[in-house]
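Right, one structure below, let's go through it.
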Amino acid sequence: MTIFIDTHTHLDFENYNEDREKVIQRALGKNVVALITIGTNLETSRRAVELAEKYTPVYAAVGIHPNDSAACSDEDLVQIEKLAANPKVVAIGEVGLDYYRDHASPIRQQEVFSEQIAIAHKLKKPLIIHNRDAHEDTLELVCEYNAGQVGGVFHSFSGDEAYLEKILLENFHISFTGNLTYKNSVSAALIGQVPLDRLLLETDSPFLAPVPMRGKRNEPAFIVYTAAKIAGLIGIDVETLGRVTTENAARLFKIEI
Ligand SMILES: [Zn+2]
């Protein structure tokens with residue numbers, strides 16, 4: 001049987017308000033054995049934990065997204081740490097730096113990111129890192145605060161081969177979203193360089209639906225399309241890819257399958 005873990009979805013988003021339960025059921029129907037729903041601020045992190053408590057195969061990550069870091073208070077970070085202690089919270093995320101958008105100054109983003117690396121250390125939980133157009137600074141903070149000790153994943157990886165090597169050296173995993181199925185995807189050319197034991201699967205749903213669903217609302221069940229594409233690019237069968245990436249995610253996030 002081919003099984004998957006969707007390591008990055010935003011199940012709490014209002015895009016799923018009409019059919020959230022069916023979305024989860026459809027994922028289970030495609031043998032997505034676990035889903036990690038990701039918080040982006042205090043409110044969505046709370047909702048992520050609620051969903052994880054309600055549905056057995058759903059796990060949560062809690063954190064303040066760089067684009068939400070301007071509005072993030074010290075008290076928010078205290079609350080994030082409290083939420084993170086919940087046994088169904090398997091990671092701190094998504095956190096990181098996003099210089100593509102200017103919702104928060106780089107300095108503020110760096111502060112909020114480094115404080116959340118500290119939370120990850122304290123609770124010994126891995127990081128789910130969002131890095132957009134901030135390669136150098138993200139890596140610098142990861143090294144400075146020894147984030148490799150807790151490890152985690154650079155989700156929706158967008159660096160080049162040299163960057164990939166550095167991230168791997170820092171003990172991080174890599175995942176790609178459905179945009180890997182798009183024509184002329186840079187990531188598609190890179191996938192062969194990722195050691196199989198460091199690769200995770202994700203949808204980043206509701207965003208970035210893979211071909212042939214491109215343009216539609218994405219959902220965790222669509223992970224099968226990205227998985228098929230990745231398996232083809234690497235030259236292994238989907239069953240093996242699903243098994244290995246599921247083992248990787250289960251090990252990293254301490255999820256029992
Ligand atoms: Zn995300």
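In the structure tokens, the first chain shown is A, the next is B, and so on; residue numbers restart at 1 for each chain, and ligands run from 1 in the order shown.
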Could you list, as number ranges by chain, every residue within 10 Å of Asn67 of chain A, counting only C-alpha atoms and ignoring same-chain residues fewer than 6 positions away?
A: 40-41, 95-105, 109
Residues just named, written with N, CA and C atoms as a JSON list (two decimals), in the first residue's frame:
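The resulting file, part.json, is shown below:
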```
[["chain", "number", "residue", "atom", "x", "y", "z"],
["A", 40, "THR", "N", 0.07, 30.12, 11.46],
["A", 40, "THR", "CA", 0.83, 31.24, 10.90],
["A", 40, "THR", "C", 0.84, 32.44, 11.85],
["A", 41, "ASN", "N", -0.04, 32.42, 12.84],
["A", 41, "ASN", "CA", -0.06, 33.44, 13.89],
["A", 41, "ASN", "C", -0.72, 32.79, 15.11],
["A", 95, "VAL", "N", 7.81, 29.32, 10.66],
["A", 95, "VAL", "CA", 8.60, 30.46, 11.10],
["A", 95, "VAL", "C", 9.71, 30.69, 10.07],
["A", 96, "GLY", "N", 10.32, 31.85, 10.12],
["A", 96, "GLY", "CA", 11.40, 32.10, 9.17],
["A", 96, "GLY", "C", 11.44, 33.54, 8.73],
["A", 97, "LEU", "N", 11.88, 33.73, 7.48],
["A", 97, "LEU", "CA", 12.03, 35.08, 6.94],
["A", 97, "LEU", "C", 11.41, 35.16, 5.55],
["A", 98, "ASP", "N", 10.76, 36.27, 5.28],
["A", 98, "ASP", "CA", 10.14, 36.49, 3.97],
["A", 98, "ASP", "C", 10.41, 37.92, 3.53],
["A", 99, "TYR", "N", 11.43, 38.07, 2.68],
["A", 99, "TYR", "CA", 11.78, 39.41, 2.20],
["A", 99, "TYR", "C", 11.08, 39.71, 0.87],
["A", 100, "TYR", "N", 10.34, 38.73, 0.36],
["A", 100, "TYR", "CA", 9.58, 38.95, -0.87],
["A", 100, "TYR", "C", 8.43, 39.91, -0.57],
["A", 101, "ARG", "N", 7.78, 39.68, 0.57],
["A", 101, "ARG", "CA", 6.74, 40.60, 1.03],
["A", 101, "ARG", "C", 7.31, 41.48, 2.12],
["A", 102, "ASP", "N", 6.73, 42.67, 2.27],
["A", 102, "ASP", "CA", 7.27, 43.59, 3.29],
["A", 102, "ASP", "C", 6.24, 43.88, 4.37],
["A", 103, "HIS", "N", 5.57, 42.81, 4.82],
["A", 103, "HIS", "CA", 4.59, 42.96, 5.90],
["A", 103, "HIS", "C", 5.26, 43.31, 7.23],
["A", 104, "ALA", "N", 6.53, 42.97, 7.37],
["A", 104, "ALA", "CA", 7.28, 43.28, 8.59],
["A", 104, "ALA", "C", 8.71, 43.58, 8.19],
["A", 105, "SER", "N", 9.37, 44.42, 8.97],
["A", 105, "SER", "CA", 10.76, 44.77, 8.65],
["A", 105, "SER", "C", 11.63, 43.54, 8.82],
["A", 109, "GLN", "N", 11.34, 40.55, 11.68],
["A", 109, "GLN", "CA", 11.24, 39.14, 11.28],
["A", 109, "GLN", "C", 12.34, 38.30, 11.93]]
```
Go through the chains and note each residue within 7 Å of ligand 1, using only C-alpha atoms and all ligand atoms, then give the set as a VMD selection string.
chain A and resid 8 to 10 38 94 204
Same residues, C-alpha atoms, saved as a short mmCIF file (atom, residue, chain, number, x, y, z; two decimals), in the first residue's frame:
```cif
data_model
loop_
_atom_site.label_atom_id
_atom_site.label_comp_id
_atom_site.auth_asym_id
_atom_site.auth_seq_id
_atom_site.Cartn_x
_atom_site.Cartn_y
_atom_site.Cartn_z
CA HIS A 8 2.37 21.07 5.48
CA THR A 9 -1.25 22.07 5.11
CA HIS A 10 -3.39 24.91 6.47
CA ILE A 38 0.40 24.67 10.27
CA GLU A 94 5.83 28.08 10.19
CA ASP A 204 1.00 23.72 1.38
#
```
With 10 Å as the cut-off and only C-alpha atoms counted, what is the closest atom pair between each nearby residue of segment 112-210 of chain A and segment 241-247 of chain A? Distances in Å to one decimal, ordered by chain and number, as JSON lines.
```
{"residue": "A:Ser175", "atom": "CA", "partner": "A:Thr245", "partner_atom": "CA", "distance": 9.8}
{"residue": "A:Leu196", "atom": "CA", "partner": "A:Val244", "partner_atom": "CA", "distance": 7.3}
{"residue": "A:Asp197", "atom": "CA", "partner": "A:Val244", "partner_atom": "CA", "distance": 7.0}
{"residue": "A:Arg198", "atom": "CA", "partner": "A:Thr245", "partner_atom": "CA", "distance": 8.0}
{"residue": "A:Leu199", "atom": "CA", "partner": "A:Thr245", "partner_atom": "CA", "distance": 6.0}
{"residue": "A:Leu200", "atom": "CA", "partner": "A:Thr245", "partner_atom": "CA", "distance": 5.1}
{"residue": "A:Leu201", "atom": "CA", "partner": "A:Thr245", "partner_atom": "CA", "distance": 6.6}
```
How far is it from atom CA of Val62 of chain A to atom CA of Ile92 of chain A, in Å with one decimal?
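Computing it gives 5.1 Å between the two atoms.
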Pick out the closest residue to Leu51 of chain A from this set: A:Gln79, A:Thr37, A:Ser114, A:Asn146. Count only C-alpha atoms.
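Nearest to Leu51 of chain A: A:Thr37.
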Within 7 Å of Lys125 of chain A, counting only C-alpha atoms, which residues qualify if same-chain residues fewer than 3 places away don't, as a PyMOL selection string?
chain A and resi 90-92+120-121+150
Can you tell me which residues surround Val49 of chain A at a distance of at most 10 Å, considering only C-alpha atoms, apart from same-chain residues fewer than 5 positions away, and format the answer as a PDB file with C-alpha atoms, in the first residue's frame?
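Done, and the output landed in around_21.pdb:
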```
ATOM      1  CA  ASP A  12      -7.878  25.819   9.526  1.00  0.00           C
ATOM      2  CA  THR A  37      -1.697  21.557   9.894  1.00  0.00           C
ATOM      3  CA  ILE A  38       0.403  24.671  10.271  1.00  0.00           C
ATOM      4  CA  GLY A  39      -0.229  27.839  12.216  1.00  0.00           C
ATOM      5  CA  THR A  44      -4.371  30.083  13.375  1.00  0.00           C
ATOM      6  CA  LYS A  54     -10.409  16.754  17.155  1.00  0.00           C
ATOM      7  CA  VAL A  58      -4.143  15.500  12.257  1.00  0.00           C
ATOM      8  CA  TYR A  59      -1.104  16.975  14.005  1.00  0.00           C
ATOM      9  CA  ALA A  60      -0.275  20.641  14.493  1.00  0.00           C
ATOM     10  CA  ALA A  61       2.611  23.036  14.177  1.00  0.00           C
ATOM     11  CA  VAL A  62       2.375  26.368  15.962  1.00  0.00           C
ATOM     12  CA  LEU A  83       0.438  25.788  22.833  1.00  0.00           C
ATOM     13  CA  ALA A  84       3.624  24.089  21.650  1.00  0.00           C
ATOM     14  CA  ASN A  86       0.567  20.150  23.622  1.00  0.00           C
ATOM     15  CA  PRO A  87       1.493  16.544  22.728  1.00  0.00           C
ATOM     16  CA  LYS A  88      -0.202  16.855  19.321  1.00  0.00           C
ATOM     17  CA  VAL A  89       2.022  19.789  18.416  1.00  0.00           C
TER      18      VAL A  89
END
```
Shortest contact to Lys124 of chain A, candidates A:Pro206, A:Pro106, A:Gly151, A:Pro57, atoms counted only C-alpha atoms, goes to A:Gly151
Per DSSP on the backbone, what are the strand (DSSP E or B) residues of segment 172-245 of chain A, as a PyMOL selection string?
chain A and resi 172-176+199-201+205
Distance query Val194 of chain A at most 12 Å, only C-alpha atoms, self and fewer than 2 positions along chain excluded, as an MDAnalysis selection string:
chainID A and resid 157 160:169 172:176 187:192 196:200 230 233:234 245
Would you please give, as a VMD selection string, all residues of segment 14-224 of chain A that DSSP assigns to helix (DSSP H, G or I) based on the backbone?
chain A and resid 14 to 16 20 to 29 42 to 54 66 to 68 74 to 84 106 to 123 135 to 144 147 to 149 161 to 169 178 to 181 186 to 193 196 to 198 220 to 224
Can you work out which one of A:Ile236, A:Asn179, A:Gly152, A:Glu75 has the shortest atom-to-atom distance to Ala249 of chain A, counting only C-alpha atoms?
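Ranking A:Ile236, A:Asn179, A:Gly152, A:Glu75 by distance to Ala249 of chain A, first place goes to A:Gly152.
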